[in-house]
Amino acid sequence: MNLRGAWAIYKFEMHRFRRTLWTGLAVPVITTSLYFIVFGSAIGSRMTEIGGVPYGAFIVPGLMMLSLFTESIFNASFGIHMPRFTGTIYEILSAPLSAFETVLGYVGAAATKAMTVALVIFITAHLFVPLTVLHPFLAFAYLALVALTFCMFGFIIGIWAKGFEQLQVIPLLVVTPLTFLGGAFYSIDMLPPAWRQITLFNPVVYLINGFRWTFFGTADVAFGTALAATVGFAGVCLLGIWWIFRTGYRLKA
Amino acid sequence: MSDLALSIRGLRKAYASGTEALKAVDLDIRHGEIFALLGPNGAGKTTLISIVCGLVTATEGTVLVDGKHWRDDYRHARTRIGLVPQELNTDQFEPVWNTVAFSRELFGKPKDDARVEEILRSLTLWDKRKNIIKDLSGGMKRRVMIAKALAHEPDILFLDEPTAGVDVELRKEMWALVRTLRERGVTIILTTHYIEEAEEMADRVGVINRGELILVENKTTLMKKLGRKELHLQLTEPMAQVPPGLADWGLKLDGDGSQLTYVFDGTAERTGIPTLLSALRDQGISFKDLDTKSSSLEDIFVGLIHAGNGASK
């Protein structure tokens with residue numbers, strides 16, 4: 001194992017994040033505050049409780065997940081796309097690194113950054129609403145699992161994308177809409193029955209509700225189902241990455 | 001330890017576009033030699049290097065690095081190989097020190113500040129160690145690329161067009177650097193389309209064209225061929241054939257019978273020119289002009305490549 005090589009990539013990526021540390025952290029703080037002002041104060045005052053949870057607290061897991069998805073995809077896809085774009089990928093390809101070590105470096109760093117942002121959101125949210133997490137260790141583990149999964153997904157996008165515009169396509173056109181429609185800000189029980197059935201096909205519903213369960217012990221979907229869905233998506237991403245390195249897709253001519 | 005640093009057998013590459021960039025290349029590289037791979041643009045030089053270094057997947061064939069298969073034993077192969085690519089692909093926003101230290105760790109070597117310092121000093125990059133790479137000149141960037149390739153202390157170094165777009169002074173420095181590396185026992189494979197570079201540095205020269213290795217020879221052998229000169233005689237009266245009395249010289253008649261060409265060894269004690277000239281006078285053959293021309297490695301090279309192109313058409 002060349003763990004030193006994986007560590008070198010990890011440190012390199014973390015160094016890149018540190019260069020934009022303040023903007024990287026100010027953005028989630030400001031957006032979270034905005035969400036709380038708009039949803040928490042304006043709408044929340046009319047919504048009081050969902051399933052016994054105050055509305056302000058109810059949206060916190062959804063907000064964290066929304067940022068976790070976008071940060072994971074953005075950081076991981078950019079991290080691997082940049083060396084492809086500048087040509088420095090030659091060094092990664094010519095180094096004595098296995099696919100696992102390469103992915104560990106890039107995905108590990110992107111997941112660390114995404115989780116940091118999610119935790120910053122959690123702390124910011126604390127300033128607005130009282131929050132207690134029912135299963136803190138499970139919440140953290142679930143957060144890590146989703147971060148790793150979406151970072152792998154981001155890694156695949158970074159390999160697939162032919163340019164910087166394409167890096168934005170999937171997050172903007174697929175992930176954000178699915179998150180907004182996936183019960184980040186409401187319970188799917190509040191939807192008309194037909195819509196509810198359709199919503200159950202949205203994978204993000206499971207991710208958000210799984211995380212919400214670790215906070216409040218209640219959610220629209222059973223935790224076991226949510227966990228299975230998350231692990232399933234992680235498996236699909238792993239398979240995709242395995243295929244990329246096996247065939248050299250967009251990495252090697 | 002195998003006798004050969006690299007042993008390439010039947011290496012072929014057909015790109016997805018259908019271009020056959022390499023056609024079953026066989027090549028052995030000995031330990032500690034400087035091998036120059038010479039060829040025009042698009043001949044397959046970079047493809048060959050890229051396959052050995054793991055950037056391009058071979059369609060067929062094998063490479064043994066110090067006797068071990070380069071894919072089955074990729075960690076072994078890649079730890080021993082360093083690559084300086086043709087393009088100046090570096091992380092533009094990193095300081096020089098960081099990027100070189102990064103390369104070392106990426107290749108699995110423990111952090112060693114003294115070693116990195118030594119490499120930077122040997123490339124006169126020490127004063128620039130804190131500079132951001134994008135602020136450096138092209139020549140300095142090229143040195144950074146070399147420093148990165150040397151950071152993990154490889155004993156086989158690939159230099160892909162090391163002096164392309166480099167000024168004369170830096171080119172000389174580059175040559176000196178390559179020699180120093182060789183003294184330390186590093187095997188060096190460089191590609192170039194400057195013949196003088198191959199002449200200056202290489203122990204052996206390989207000529208590649210259209211994906212085929214058409215010649216591999218010791219430089220000294222090539223230099224002997226280089227010593228070949230030609231004497232051209234412009235005849236006053238064209239002739240139909242070379243008179244039998246001049247057969248000893250192996251003359252060639254061209255230009256509608258108006259020019260005689262005599263090939264001789266320019267480095268030899270006796271060139272045979274005075275005797276040829278007196279024989280011509282005896283035969284009553286007069287000429288209006290004469291000149292001699294050295295055949296350079298360039299001529300040999302151009303000749304080989306044209307022959308190759310002609311054959312494949």
# chains A, B, ... in the order shown; residues from 1 in each chain; ligands from 1
>>> select_by_dssp(residues="segment 4-232 of chain A", states="alpha helix (DSSP H)", output="VMD selection string")
chain A and resid 4 to 19 21 to 35 44 to 47 55 to 86 89 to 94 99 to 128 136 to 160 164 to 170 176 to 180 193 to 199 203 to 216 223 to 232
>>> residues_around(residues="segment 230-237 of chain B", least_positions_apart="6", cutoff="7 Å", atoms="only C-alpha atoms", output="PDB file with N, CA and C atoms, in the first residue's frame")
ATOM      1  N   SER B 258      25.833  14.318 -66.336  1.00  0.00           N
ATOM      2  CA  SER B 258      26.724  15.468 -66.288  1.00  0.00           C
ATOM      3  C   SER B 258      27.424  15.617 -64.937  1.00  0.00           C
ATOM      4  N   GLN B 259      27.078  14.718 -63.962  1.00  0.00           N
ATOM      5  CA  GLN B 259      27.723  14.831 -62.649  1.00  0.00           C
ATOM      6  C   GLN B 259      28.218  13.488 -62.142  1.00  0.00           C
ATOM      7  N   LEU B 260      29.489  13.460 -61.716  1.00  0.00           N
ATOM      8  CA  LEU B 260      30.060  12.269 -61.114  1.00  0.00           C
ATOM      9  C   LEU B 260      30.122  12.475 -59.603  1.00  0.00           C
ATOM     10  N   THR B 261      29.694  11.440 -58.878  1.00  0.00           N
ATOM     11  CA  THR B 261      29.753  11.537 -57.429  1.00  0.00           C
ATOM     12  C   THR B 261      30.684  10.478 -56.881  1.00  0.00           C
ATOM     13  N   TYR B 262      31.593  10.891 -56.014  1.00  0.00           N
ATOM     14  CA  TYR B 262      32.527   9.969 -55.385  1.00  0.00           C
ATOM     15  C   TYR B 262      32.344  10.080 -53.882  1.00  0.00           C
ATOM     16  N   VAL B 263      32.060   8.951 -53.221  1.00  0.00           N
ATOM     17  CA  VAL B 263      31.872   8.933 -51.772  1.00  0.00           C
ATOM     18  C   VAL B 263      33.168   8.473 -51.122  1.00  0.00           C
ATOM     19  N   PHE B 264      33.652   9.242 -50.140  1.00  0.00           N
ATOM     20  CA  PHE B 264      34.901   8.872 -49.472  1.00  0.00           C
ATOM     21  C   PHE B 264      34.827   9.145 -47.979  1.00  0.00           C
ATOM     22  N   SER B 286      37.173  16.106 -68.674  1.00  0.00           N
ATOM     23  CA  SER B 286      37.351  17.409 -68.034  1.00  0.00           C
ATOM     24  C   SER B 286      36.090  17.818 -67.283  1.00  0.00           C
ATOM     25  N   PHE B 287      36.274  18.643 -66.289  1.00  0.00           N
ATOM     26  CA  PHE B 287      35.117  19.105 -65.521  1.00  0.00           C
ATOM     27  C   PHE B 287      35.233  20.606 -65.317  1.00  0.00           C
ATOM     28  N   LYS B 288      34.041  21.218 -65.151  1.00  0.00           N
ATOM     29  CA  LYS B 288      34.050  22.679 -65.018  1.00  0.00           C
ATOM     30  C   LYS B 288      33.963  23.132 -63.558  1.00  0.00           C
ATOM     31  N   ASP B 289      33.515  22.222 -62.677  1.00  0.00           N
ATOM     32  CA  ASP B 289      33.393  22.630 -61.286  1.00  0.00           C
ATOM     33  C   ASP B 289      33.459  21.402 -60.384  1.00  0.00           C
ATOM     34  N   LEU B 290      33.860  21.617 -59.138  1.00  0.00           N
ATOM     35  CA  LEU B 290      33.827  20.508 -58.176  1.00  0.00           C
ATOM     36  C   LEU B 290      33.521  21.044 -56.777  1.00  0.00           C
ATOM     37  N   ASP B 291      32.850  20.214 -55.994  1.00  0.00           N
ATOM     38  CA  ASP B 291      32.635  20.598 -54.602  1.00  0.00           C
ATOM     39  C   ASP B 291      32.572  19.339 -53.750  1.00  0.00           C
ATOM     40  N   THR B 292      32.826  19.501 -52.443  1.00  0.00           N
ATOM     41  CA  THR B 292      32.682  18.368 -51.530  1.00  0.00           C
ATOM     42  C   THR B 292      31.638  18.720 -50.482  1.00  0.00           C
ATOM     43  N   LYS B 293      30.997  17.683 -49.993  1.00  0.00           N
ATOM     44  CA  LYS B 293      29.892  17.901 -49.053  1.00  0.00           C
ATOM     45  C   LYS B 293      29.977  16.837 -47.961  1.00  0.00           C
ATOM     46  N   SER B 294      29.804  17.267 -46.689  1.00  0.00           N
ATOM     47  CA  SER B 294      29.770  16.302 -45.590  1.00  0.00           C
ATOM     48  C   SER B 294      28.364  15.761 -45.477  1.00  0.00           C
TER      49      SER B 294
END
>>> interface_residues(of="chain A", to="chain B", cutoff="9 Å", atoms="only C-alpha atoms", output="list in words")
Met1, Asn2, Leu3, Arg4, Gly5, Ala6, Trp7, Ala8, Ile9, Lys11, Phe12, Pro83, Thr86, Gly87, Thr88, Ile89, Tyr90, Glu91, Ile92, Leu93, Ser94, Ala95, Pro96, Leu97, Ser98, Gly248, Leu251, Lys252 and Ala253 of chain A
>>> write_last_selection(atoms="C-alpha atoms", output="PDB file, in the first residue's frame")
ATOM      1  CA  MET A   1       0.000   0.000   0.000  1.00  0.00           C
ATOM      2  CA  ASN A   2       1.214   3.445  -0.883  1.00  0.00           C
ATOM      3  CA  LEU A   3      -0.789   5.239   1.803  1.00  0.00           C
ATOM      4  CA  ARG A   4       1.802   7.992   1.757  1.00  0.00           C
ATOM      5  CA  GLY A   5       0.792   8.752  -1.823  1.00  0.00           C
ATOM      6  CA  ALA A   6      -2.896   8.856  -0.900  1.00  0.00           C
ATOM      7  CA  TRP A   7      -2.013  11.104   2.023  1.00  0.00           C
ATOM      8  CA  ALA A   8      -0.071  13.411  -0.327  1.00  0.00           C
ATOM      9  CA  ILE A   9      -3.172  13.829  -2.513  1.00  0.00           C
ATOM     10  CA  LYS A  11      -3.006  17.076   1.907  1.00  0.00           C
ATOM     11  CA  PHE A  12      -2.769  18.718  -1.511  1.00  0.00           C
ATOM     12  CA  PRO A  83      -5.594  17.867 -13.008  1.00  0.00           C
ATOM     13  CA  THR A  86      -4.225  21.304 -16.557  1.00  0.00           C
ATOM     14  CA  GLY A  87      -2.502  18.054 -17.511  1.00  0.00           C
ATOM     15  CA  THR A  88      -0.996  17.419 -14.074  1.00  0.00           C
ATOM     16  CA  ILE A  89      -2.912  14.119 -14.070  1.00  0.00           C
ATOM     17  CA  TYR A  90       0.187  12.667 -15.768  1.00  0.00           C
ATOM     18  CA  GLU A  91       1.885  12.582 -12.406  1.00  0.00           C
ATOM     19  CA  ILE A  92      -0.976  10.778 -10.673  1.00  0.00           C
ATOM     20  CA  LEU A  93      -1.157   8.209 -13.483  1.00  0.00           C
ATOM     21  CA  SER A  94       2.581   7.592 -13.490  1.00  0.00           C
ATOM     22  CA  ALA A  95       2.826   7.277  -9.705  1.00  0.00           C
ATOM     23  CA  PRO A  96       2.881   3.904  -7.951  1.00  0.00           C
ATOM     24  CA  LEU A  97      -0.700   4.360  -6.734  1.00  0.00           C
ATOM     25  CA  SER A  98      -3.573   1.906  -6.939  1.00  0.00           C
ATOM     26  CA  GLY A 248      -9.110   3.933 -18.216  1.00  0.00           C
ATOM     27  CA  LEU A 251      -8.097   8.910 -17.960  1.00  0.00           C
ATOM     28  CA  LYS A 252      -5.889   6.976 -20.345  1.00  0.00           C
ATOM     29  CA  ALA A 253      -5.824   6.941 -24.138  1.00  0.00           C
TER      30      ALA A 253
END
>>> atom_distance(atom1="atom CA of Glu49 of chain A", atom2="atom CA of Gly217 of chain A")
14.9 Å
>>> residues_around(residues="Leu181 of chain B", least_positions_apart="2", cutoff="12 Å", atoms="only C-alpha atoms", output="ChimeraX atom specification")
/B:32-34,119,122-123,146,150,153-158,174-179,183-189,201
>>> write_last_selection(atoms="N, CA and C atoms", output="PDB file, in the first residue's frame")
ATOM      1  N   GLY B  32      22.238   2.551 -17.133  1.00  0.00           N
ATOM      2  CA  GLY B  32      23.213   3.633 -17.099  1.00  0.00           C
ATOM      3  C   GLY B  32      23.509   4.313 -18.417  1.00  0.00           C
ATOM      4  N   GLU B  33      22.802   3.955 -19.472  1.00  0.00           N
ATOM      5  CA  GLU B  33      23.090   4.618 -20.748  1.00  0.00           C
ATOM      6  C   GLU B  33      22.174   5.820 -20.970  1.00  0.00           C
ATOM      7  N   ILE B  34      22.590   6.651 -21.916  1.00  0.00           N
ATOM      8  CA  ILE B  34      21.721   7.733 -22.373  1.00  0.00           C
ATOM      9  C   ILE B  34      21.263   7.339 -23.771  1.00  0.00           C
ATOM     10  N   ILE B 119      17.985  18.518  -4.463  1.00  0.00           N
ATOM     11  CA  ILE B 119      17.473  18.519  -5.844  1.00  0.00           C
ATOM     12  C   ILE B 119      17.272  19.955  -6.332  1.00  0.00           C
ATOM     13  N   SER B 122      20.593  21.574  -7.028  1.00  0.00           N
ATOM     14  CA  SER B 122      21.265  21.067  -8.222  1.00  0.00           C
ATOM     15  C   SER B 122      20.634  21.631  -9.490  1.00  0.00           C
ATOM     16  N   LEU B 123      19.414  22.092  -9.398  1.00  0.00           N
ATOM     17  CA  LEU B 123      18.733  22.647 -10.578  1.00  0.00           C
ATOM     18  C   LEU B 123      18.664  24.178 -10.504  1.00  0.00           C
ATOM     19  N   ILE B 146      11.590  18.896 -13.986  1.00  0.00           N
ATOM     20  CA  ILE B 146      12.664  17.913 -13.789  1.00  0.00           C
ATOM     21  C   ILE B 146      12.814  17.606 -12.300  1.00  0.00           C
ATOM     22  N   LEU B 150      12.579  14.012 -10.385  1.00  0.00           N
ATOM     23  CA  LEU B 150      13.717  13.449  -9.651  1.00  0.00           C
ATOM     24  C   LEU B 150      13.419  13.284  -8.166  1.00  0.00           C
ATOM     25  N   GLU B 153      13.727  10.009  -6.525  1.00  0.00           N
ATOM     26  CA  GLU B 153      15.009   9.338  -6.800  1.00  0.00           C
ATOM     27  C   GLU B 153      14.865   8.137  -7.731  1.00  0.00           C
ATOM     28  N   PRO B 154      14.347   8.360  -8.919  1.00  0.00           N
ATOM     29  CA  PRO B 154      14.196   7.258  -9.875  1.00  0.00           C
ATOM     30  C   PRO B 154      15.553   6.882 -10.461  1.00  0.00           C
ATOM     31  N   ASP B 155      15.685   5.652 -10.941  1.00  0.00           N
ATOM     32  CA  ASP B 155      16.942   5.350 -11.625  1.00  0.00           C
ATOM     33  C   ASP B 155      16.760   5.158 -13.134  1.00  0.00           C
ATOM     34  N   ILE B 156      15.538   5.397 -13.585  1.00  0.00           N
ATOM     35  CA  ILE B 156      15.312   5.486 -15.035  1.00  0.00           C
ATOM     36  C   ILE B 156      14.551   6.791 -15.256  1.00  0.00           C
ATOM     37  N   LEU B 157      15.088   7.654 -16.087  1.00  0.00           N
ATOM     38  CA  LEU B 157      14.446   8.949 -16.275  1.00  0.00           C
ATOM     39  C   LEU B 157      14.072   9.156 -17.742  1.00  0.00           C
ATOM     40  N   PHE B 158      12.807   9.483 -17.962  1.00  0.00           N
ATOM     41  CA  PHE B 158      12.349   9.806 -19.312  1.00  0.00           C
ATOM     42  C   PHE B 158      12.265  11.314 -19.450  1.00  0.00           C
ATOM     43  N   MET B 174      20.990  21.990 -19.502  1.00  0.00           N
ATOM     44  CA  MET B 174      20.205  20.762 -19.483  1.00  0.00           C
ATOM     45  C   MET B 174      21.097  19.574 -19.829  1.00  0.00           C
ATOM     46  N   TRP B 175      21.937  19.761 -20.825  1.00  0.00           N
ATOM     47  CA  TRP B 175      22.860  18.699 -21.224  1.00  0.00           C
ATOM     48  C   TRP B 175      23.801  18.360 -20.082  1.00  0.00           C
ATOM     49  N   ALA B 176      24.312  19.410 -19.428  1.00  0.00           N
ATOM     50  CA  ALA B 176      25.231  19.190 -18.308  1.00  0.00           C
ATOM     51  C   ALA B 176      24.528  18.413 -17.198  1.00  0.00           C
ATOM     52  N   LEU B 177      23.274  18.776 -16.957  1.00  0.00           N
ATOM     53  CA  LEU B 177      22.491  18.107 -15.918  1.00  0.00           C
ATOM     54  C   LEU B 177      22.316  16.626 -16.235  1.00  0.00           C
ATOM     55  N   VAL B 178      22.003  16.345 -17.500  1.00  0.00           N
ATOM     56  CA  VAL B 178      21.803  14.958 -17.918  1.00  0.00           C
ATOM     57  C   VAL B 178      23.077  14.153 -17.688  1.00  0.00           C
ATOM     58  N   ARG B 179      24.213  14.766 -17.982  1.00  0.00           N
ATOM     59  CA  ARG B 179      25.487  14.067 -17.762  1.00  0.00           C
ATOM     60  C   ARG B 179      25.719  13.788 -16.281  1.00  0.00           C
ATOM     61  N   GLU B 183      26.238  10.174 -14.431  1.00  0.00           N
ATOM     62  CA  GLU B 183      27.350   9.824 -13.545  1.00  0.00           C
ATOM     63  C   GLU B 183      26.860   9.188 -12.254  1.00  0.00           C
ATOM     64  N   ARG B 184      25.662   9.581 -11.845  1.00  0.00           N
ATOM     65  CA  ARG B 184      25.083   8.991 -10.631  1.00  0.00           C
ATOM     66  C   ARG B 184      24.438   7.630 -10.921  1.00  0.00           C
ATOM     67  N   GLY B 185      24.492   7.226 -12.181  1.00  0.00           N
ATOM     68  CA  GLY B 185      23.986   5.904 -12.526  1.00  0.00           C
ATOM     69  C   GLY B 185      22.553   5.881 -13.025  1.00  0.00           C
ATOM     70  N   VAL B 186      21.978   7.045 -13.291  1.00  0.00           N
ATOM     71  CA  VAL B 186      20.601   7.095 -13.785  1.00  0.00           C
ATOM     72  C   VAL B 186      20.581   6.767 -15.286  1.00  0.00           C
ATOM     73  N   THR B 187      19.698   5.881 -15.656  1.00  0.00           N
ATOM     74  CA  THR B 187      19.504   5.561 -17.069  1.00  0.00           C
ATOM     75  C   THR B 187      18.586   6.635 -17.657  1.00  0.00           C
ATOM     76  N   ILE B 188      18.963   7.179 -18.811  1.00  0.00           N
ATOM     77  CA  ILE B 188      18.171   8.289 -19.354  1.00  0.00           C
ATOM     78  C   ILE B 188      17.702   7.996 -20.771  1.00  0.00           C
ATOM     79  N   ILE B 189      16.415   8.166 -20.964  1.00  0.00           N
ATOM     80  CA  ILE B 189      15.847   8.032 -22.298  1.00  0.00           C
ATOM     81  C   ILE B 189      15.268   9.387 -22.651  1.00  0.00           C
ATOM     82  N   MET B 201      24.737  14.186 -26.622  1.00  0.00           N
ATOM     83  CA  MET B 201      24.561  13.491 -25.359  1.00  0.00           C
ATOM     84  C   MET B 201      24.479  11.985 -25.394  1.00  0.00           C
TER      85      MET B 201
END
>>> select_by_dssp(residues="segment 110-158 of chain B", states="strand (DSSP E or B)", output="PyMOL selection string")
chain B and resi 132+156-158
>>> closest_residue(among="B:Thr220, B:Thr62, B:Ser278, B:Ser137", to="Asp28 of chain B", atoms="only C-alpha atoms")
B:Thr62
>>> residues_around(residues="His193 of chain B", least_positions_apart="6", cutoff="8 Å", atoms="only C-alpha atoms", output="ChimeraX atom specification")
/B:38-41,161
>>> write_last_selection(atoms="N, CA and C atoms", output="PDB file, in the first residue's frame")
ATOM      1  N   LEU B  38      14.967   9.557 -31.598  1.00  0.00           N
ATOM      2  CA  LEU B  38      14.934  10.653 -32.547  1.00  0.00           C
ATOM      3  C   LEU B  38      13.800  10.425 -33.541  1.00  0.00           C
ATOM      4  N   GLY B  39      13.068  11.458 -33.849  1.00  0.00           N
ATOM      5  CA  GLY B  39      12.029  11.273 -34.854  1.00  0.00           C
ATOM      6  C   GLY B  39      11.235  12.540 -35.036  1.00  0.00           C
ATOM      7  N   PRO B  40      10.568  12.676 -36.181  1.00  0.00           N
ATOM      8  CA  PRO B  40       9.771  13.877 -36.425  1.00  0.00           C
ATOM      9  C   PRO B  40       8.534  13.910 -35.532  1.00  0.00           C
ATOM     10  N   ASN B  41       7.824  15.004 -35.556  1.00  0.00           N
ATOM     11  CA  ASN B  41       6.588  15.104 -34.778  1.00  0.00           C
ATOM     12  C   ASN B  41       5.597  14.039 -35.234  1.00  0.00           C
ATOM     13  N   GLU B 161      11.314  15.543 -24.992  1.00  0.00           N
ATOM     14  CA  GLU B 161      11.687  16.828 -25.603  1.00  0.00           C
ATOM     15  C   GLU B 161      12.143  17.840 -24.555  1.00  0.00           C
TER      16      GLU B 161
END
>>> residues_around(residues="Val103 of chain A", least_positions_apart="2", cutoff="10 Å", atoms="only C-alpha atoms", output="PyMOL selection string")
chain A and resi 6+9-10+76+80+97-101+105-109+151-152+155+241
>>> residues_around(residues="Lys45 of chain B", least_positions_apart="5", cutoff="10 Å", atoms="only C-alpha atoms", output="VMD selection string")
chain B and resid 21 to 22 37 to 40 50 160 to 161 190 to 193 207 to 213
>>> atom_distance(atom1="atom CA of Val60 of chain A", atom2="atom CA of Gly183 of chain A")
11.6 Å
>>> closest_residue(among="A:Leu119, A:Val38, A:Ile198, A:Val133", to="Leu181 of chain A", atoms="only C-alpha atoms")
A:Ile198
>>> residues_around(residues="Val144 of chain B", least_positions_apart="6", cutoff="8 Å", atoms="only C-alpha atoms", output="PDB file with N, CA and C atoms, in the first residue's frame")
ATOM      1  N   VAL B  96       7.204  26.346  -5.481  1.00  0.00           N
ATOM      2  CA  VAL B  96       8.103  25.333  -6.027  1.00  0.00           C
ATOM      3  C   VAL B  96       8.373  24.218  -5.004  1.00  0.00           C
ATOM      4  N   VAL B 100       7.417  20.005  -5.391  1.00  0.00           N
ATOM      5  CA  VAL B 100       8.469  18.985  -5.455  1.00  0.00           C
ATOM      6  C   VAL B 100       8.321  18.005  -4.279  1.00  0.00           C
ATOM      7  N   LEU B 125      17.278  25.991  -8.389  1.00  0.00           N
ATOM      8  CA  LEU B 125      15.905  26.427  -8.088  1.00  0.00           C
ATOM      9  C   LEU B 125      15.788  26.852  -6.623  1.00  0.00           C
TER      10      LEU B 125
END
>>> decode(residues="segment 90-111 of chain B", atoms="N, CA and C atoms", output="mmCIF file, in the first residue's frame")
data_model
loop_
_atom_site.group_PDB
_atom_site.id
_atom_site.type_symbol
_atom_site.label_atom_id
_atom_site.label_comp_id
_atom_site.auth_asym_id
_atom_site.auth_seq_id
_atom_site.Cartn_x
_atom_site.Cartn_y
_atom_site.Cartn_z
ATOM 1 N N THR B 90 2.138 21.929 -14.660
ATOM 2 C CA THR B 90 2.340 21.936 -13.207
ATOM 3 C C THR B 90 1.196 22.686 -12.558
ATOM 4 N N ASP B 91 1.108 22.517 -11.249
ATOM 5 C CA ASP B 91 0.090 23.261 -10.514
ATOM 6 C C ASP B 91 0.552 24.699 -10.408
ATOM 7 N N GLN B 92 -0.062 25.530 -11.193
ATOM 8 C CA GLN B 92 0.393 26.911 -11.350
ATOM 9 C C GLN B 92 0.419 27.712 -10.053
ATOM 10 N N PHE B 93 -0.444 27.361 -9.115
ATOM 11 C CA PHE B 93 -0.591 28.212 -7.936
ATOM 12 C C PHE B 93 0.190 27.713 -6.720
ATOM 13 N N GLU B 94 0.978 26.667 -6.936
ATOM 14 C CA GLU B 94 1.749 26.108 -5.831
ATOM 15 C C GLU B 94 3.148 26.708 -5.799
ATOM 16 N N PRO B 95 3.731 26.829 -4.592
ATOM 17 C CA PRO B 95 5.143 27.205 -4.529
ATOM 18 C C PRO B 95 6.017 26.031 -4.979
ATOM 19 N N VAL B 96 7.204 26.346 -5.481
ATOM 20 C CA VAL B 96 8.103 25.333 -6.027
ATOM 21 C C VAL B 96 8.373 24.218 -5.004
ATOM 22 N N TRP B 97 8.706 24.635 -3.789
ATOM 23 C CA TRP B 97 9.045 23.633 -2.763
ATOM 24 C C TRP B 97 7.906 22.630 -2.588
ATOM 25 N N ASN B 98 6.691 23.151 -2.432
ATOM 26 C CA ASN B 98 5.549 22.270 -2.164
ATOM 27 C C ASN B 98 5.338 21.246 -3.269
ATOM 28 N N THR B 99 5.446 21.707 -4.500
ATOM 29 C CA THR B 99 5.125 20.798 -5.602
ATOM 30 C C THR B 99 6.171 19.686 -5.701
ATOM 31 N N VAL B 100 7.417 20.005 -5.391
ATOM 32 C CA VAL B 100 8.469 18.985 -5.455
ATOM 33 C C VAL B 100 8.321 18.005 -4.279
ATOM 34 N N ALA B 101 8.035 18.556 -3.090
ATOM 35 C CA ALA B 101 7.832 17.689 -1.917
ATOM 36 C C ALA B 101 6.611 16.790 -2.128
ATOM 37 N N PHE B 102 5.577 17.350 -2.780
ATOM 38 C CA PHE B 102 4.371 16.576 -3.095
ATOM 39 C C PHE B 102 4.720 15.379 -3.978
ATOM 40 N N SER B 103 5.493 15.631 -5.028
ATOM 41 C CA SER B 103 5.851 14.550 -5.948
ATOM 42 C C SER B 103 6.554 13.415 -5.219
ATOM 43 N N ARG B 104 7.435 13.789 -4.303
ATOM 44 C CA ARG B 104 8.179 12.763 -3.564
ATOM 45 C C ARG B 104 7.231 11.861 -2.773
ATOM 46 N N GLU B 105 6.316 12.480 -2.059
ATOM 47 C CA GLU B 105 5.392 11.682 -1.237
ATOM 48 C C GLU B 105 4.402 10.890 -2.083
ATOM 49 N N LEU B 106 3.994 11.504 -3.202
ATOM 50 C CA LEU B 106 3.054 10.822 -4.094
ATOM 51 C C LEU B 106 3.624 9.478 -4.545
ATOM 52 N N PHE B 107 4.939 9.457 -4.730
ATOM 53 C CA PHE B 107 5.587 8.229 -5.177
ATOM 54 C C PHE B 107 5.976 7.326 -4.006
ATOM 55 N N GLY B 108 5.473 7.674 -2.817
ATOM 56 C CA GLY B 108 5.628 6.775 -1.678
ATOM 57 C C GLY B 108 6.916 6.919 -0.894
ATOM 58 N N LYS B 109 7.689 7.972 -1.206
ATOM 59 C CA LYS B 109 8.942 8.146 -0.464
ATOM 60 C C LYS B 109 8.692 9.004 0.775
ATOM 61 N N PRO B 110 9.373 8.670 1.892
ATOM 62 C CA PRO B 110 9.153 9.478 3.096
ATOM 63 C C PRO B 110 9.653 10.910 2.905
ATOM 64 N N LYS B 111 9.028 11.804 3.634
ATOM 65 C CA LYS B 111 9.383 13.217 3.593
ATOM 66 C C LYS B 111 10.870 13.355 3.900
#
